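Scroll down for the structure; my scribbles are underneath it.
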Amino acid sequence: AARIGARVIMHNANGGRSAASLAMTGTTSSRIVPAASSALLGSIGSGSSIRPSTIGNQTTRTMATKTRRRRDRKKKIKARMAELGIERKPPRWHIARETPIVNAISREERARESREYDEKASSAMKSKIETQDKVLRFDFTGLKMSDRVRKLFDLTNGNQKEVVKAQKRRGMELFQLREGDTGSSAVQVIALTTRIQQLQTHMAKHKKDVHSKRGMDALYVRRRKLLDYMERKDFDSYRRVVKTLGLIR
């Protein structure tokens, strides 16, 4: 067997340097005597992630990551608390598996209630639409005038801008919480949907208008965020809006 001598410089605690000679034996230079290898590993420093472990009489190096060390610390803490008889309280959001479900209803009953609610909301929406006045041009809706004059101000004689404006106004009136309401979530969804439909008609004709498509995508995002907010805060209004507009959610 070949015999190789190595000289390692180690720093003392006082800052001085001392030389230590390590004897390494083996058939090749890659094999290290366990005692010498442990001394060499100890001189690397405590901050290294390499940790020596002993398997029988042979010392090997293992890579201990931060996650593994954290997991080991938690296991030791749990074991120590179990020895002392201290019970760990579960977090507030934890729900035990054996917790019974209270007031649970079947799927058929839930579907029946959903159909009844949809029919009731649909009838209420139809009654609102029937009571709406016919929209005229130049905001002349509600004024008393003869039939001949009313024909002059009919929307069939208006341009595309006036038609879109009237459509938007009629849709917003259906979901207003009060007179002149323009800021509630349902009204904003109606306004955004009207604008999206207008852009969809534009994009069907001008397919290479990338700038308008980017603006339409932004409107999609705004409407989706409003619908998510309504789903969390006011589910009845959210459901009515989605059913009325025929949105896929």
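Letters for chains follow the order of the structure tokens (A, B, ...), residue numbers begin at 1 for each chain, and ligand numbers begin at 1 in the order shown.
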### Query
What's the 8 Å shell around Val189 of chain A, counting only C-alpha atoms, without same-chain residues fewer than 4 positions away, as number ranges by chain?
A: 185, 193, 223, 226-227
### Gln167 of chain A environment, 10 Å, only C-alpha atoms, sequence neighbours closer than 3 positions dropped, as a ChimeraX atom specification
/A:135,161-164,170-172,190-191,194
### Task
Show which residues sit within 12 Å of Lys243 of chain A, as a ChimeraX atom specification. Count only C-alpha atoms, and ignore same-chain residues fewer than 2 positions away.
/A:114-115,117-122,125,236-241,245-249
### Query
Quick one, how far is atom CA of Asp209 of chain A from atom CA of Ile196 of chain A?
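These atoms are spaced 14.7 Å apart.
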### Query
At what distance in Å, to one decimal, does atom CA of Glu116 of chain A lie from atom CA of Lys168 of chain A?
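Atom-to-atom, atom CA of Lys168 of chain A and atom CA of Glu116 of chain A are spaced 28.6 Å apart.
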### Task
Using DSSP on the backbone coordinates, identify all residues within segment 128-193 of chain A classified as helix (DSSP H, G or I); present the result as a ChimeraX atom specification.
/A:128-131,137-139,147-152,155-157,160-174,185-193
### Task
List every residue of segment 41-247 of chain A that DSSP, applied to the backbone of this structure, assigns to strand (DSSP E), and report them as a ChimeraX atom specification.
/A:50-55,58-63
Selection export as a PDB file, in the first residue's frame, atoms kept: N, CA, C and O atoms:
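Wrote selection.pdb, looks like this:
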```pdb
ATOM      1  N   ILE A  50     -22.049  20.526   5.354  1.00  0.00           N
ATOM      2  CA  ILE A  50     -21.621  19.133   5.314  1.00  0.00           C
ATOM      3  C   ILE A  50     -21.465  18.640   6.742  1.00  0.00           C
ATOM      4  O   ILE A  50     -20.782  19.247   7.558  1.00  0.00           O
ATOM      5  N   ARG A  51     -22.125  17.548   7.085  1.00  0.00           N
ATOM      6  CA  ARG A  51     -22.101  17.001   8.428  1.00  0.00           C
ATOM      7  C   ARG A  51     -21.575  15.568   8.358  1.00  0.00           C
ATOM      8  O   ARG A  51     -22.047  14.772   7.545  1.00  0.00           O
ATOM      9  N   PRO A  52     -20.605  15.226   9.221  1.00  0.00           N
ATOM     10  CA  PRO A  52     -20.116  13.839   9.231  1.00  0.00           C
ATOM     11  C   PRO A  52     -21.083  12.926   9.958  1.00  0.00           C
ATOM     12  O   PRO A  52     -21.700  13.312  10.942  1.00  0.00           O
ATOM     13  N   SER A  53     -21.273  11.738   9.455  1.00  0.00           N
ATOM     14  CA  SER A  53     -22.087  10.730  10.115  1.00  0.00           C
ATOM     15  C   SER A  53     -21.325   9.413  10.095  1.00  0.00           C
ATOM     16  O   SER A  53     -20.594   9.126   9.155  1.00  0.00           O
ATOM     17  N   THR A  54     -21.501   8.621  11.132  1.00  0.00           N
ATOM     18  CA  THR A  54     -20.756   7.376  11.280  1.00  0.00           C
ATOM     19  C   THR A  54     -21.656   6.204  10.967  1.00  0.00           C
ATOM     20  O   THR A  54     -22.761   6.089  11.519  1.00  0.00           O
ATOM     21  N   ILE A  55     -21.227   5.353  10.059  1.00  0.00           N
ATOM     22  CA  ILE A  55     -21.925   4.117   9.722  1.00  0.00           C
ATOM     23  C   ILE A  55     -20.957   2.978  10.042  1.00  0.00           C
ATOM     24  O   ILE A  55     -20.005   2.725   9.294  1.00  0.00           O
ATOM     25  N   GLN A  58     -16.969   3.375   9.630  1.00  0.00           N
ATOM     26  CA  GLN A  58     -16.606   4.247   8.520  1.00  0.00           C
ATOM     27  C   GLN A  58     -17.339   5.576   8.643  1.00  0.00           C
ATOM     28  O   GLN A  58     -18.530   5.618   8.954  1.00  0.00           O
ATOM     29  N   THR A  59     -16.639   6.667   8.428  1.00  0.00           N
ATOM     30  CA  THR A  59     -17.219   8.008   8.504  1.00  0.00           C
ATOM     31  C   THR A  59     -17.537   8.500   7.104  1.00  0.00           C
ATOM     32  O   THR A  59     -16.673   8.471   6.220  1.00  0.00           O
ATOM     33  N   THR A  60     -18.781   8.925   6.904  1.00  0.00           N
ATOM     34  CA  THR A  60     -19.211   9.457   5.606  1.00  0.00           C
ATOM     35  C   THR A  60     -19.705  10.877   5.785  1.00  0.00           C
ATOM     36  O   THR A  60     -19.966  11.327   6.904  1.00  0.00           O
ATOM     37  N   ARG A  61     -19.817  11.573   4.675  1.00  0.00           N
ATOM     38  CA  ARG A  61     -20.287  12.955   4.704  1.00  0.00           C
ATOM     39  C   ARG A  61     -21.715  13.015   4.164  1.00  0.00           C
ATOM     40  O   ARG A  61     -22.015  12.437   3.122  1.00  0.00           O
ATOM     41  N   THR A  62     -22.594  13.720   4.855  1.00  0.00           N
ATOM     42  CA  THR A  62     -23.983  13.876   4.430  1.00  0.00           C
ATOM     43  C   THR A  62     -24.291  15.362   4.275  1.00  0.00           C
ATOM     44  O   THR A  62     -23.785  16.194   5.030  1.00  0.00           O
ATOM     45  N   MET A  63     -25.129  15.686   3.313  1.00  0.00           N
ATOM     46  CA  MET A  63     -25.530  17.068   3.058  1.00  0.00           C
ATOM     47  C   MET A  63     -26.822  17.355   3.816  1.00  0.00           C
ATOM     48  O   MET A  63     -27.881  16.802   3.495  1.00  0.00           O
TER      49      MET A  63
END
```
### Task
Would you kindly return, as a PyMOL selection string, each protein, DNA or RNA residue with an atom no farther than 12 Å from any atom of Met203 of chain A, considering only C-alpha atoms and excluding same-chain residues fewer than 5 positions away?
chain A and resi 196-198+208-217
### Query
Hey, can you check how far atom CA of His206 of chain A sits from atom CA of Ala166 of chain A?
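Rounded to one decimal, the two atoms are 24.1 Å apart.
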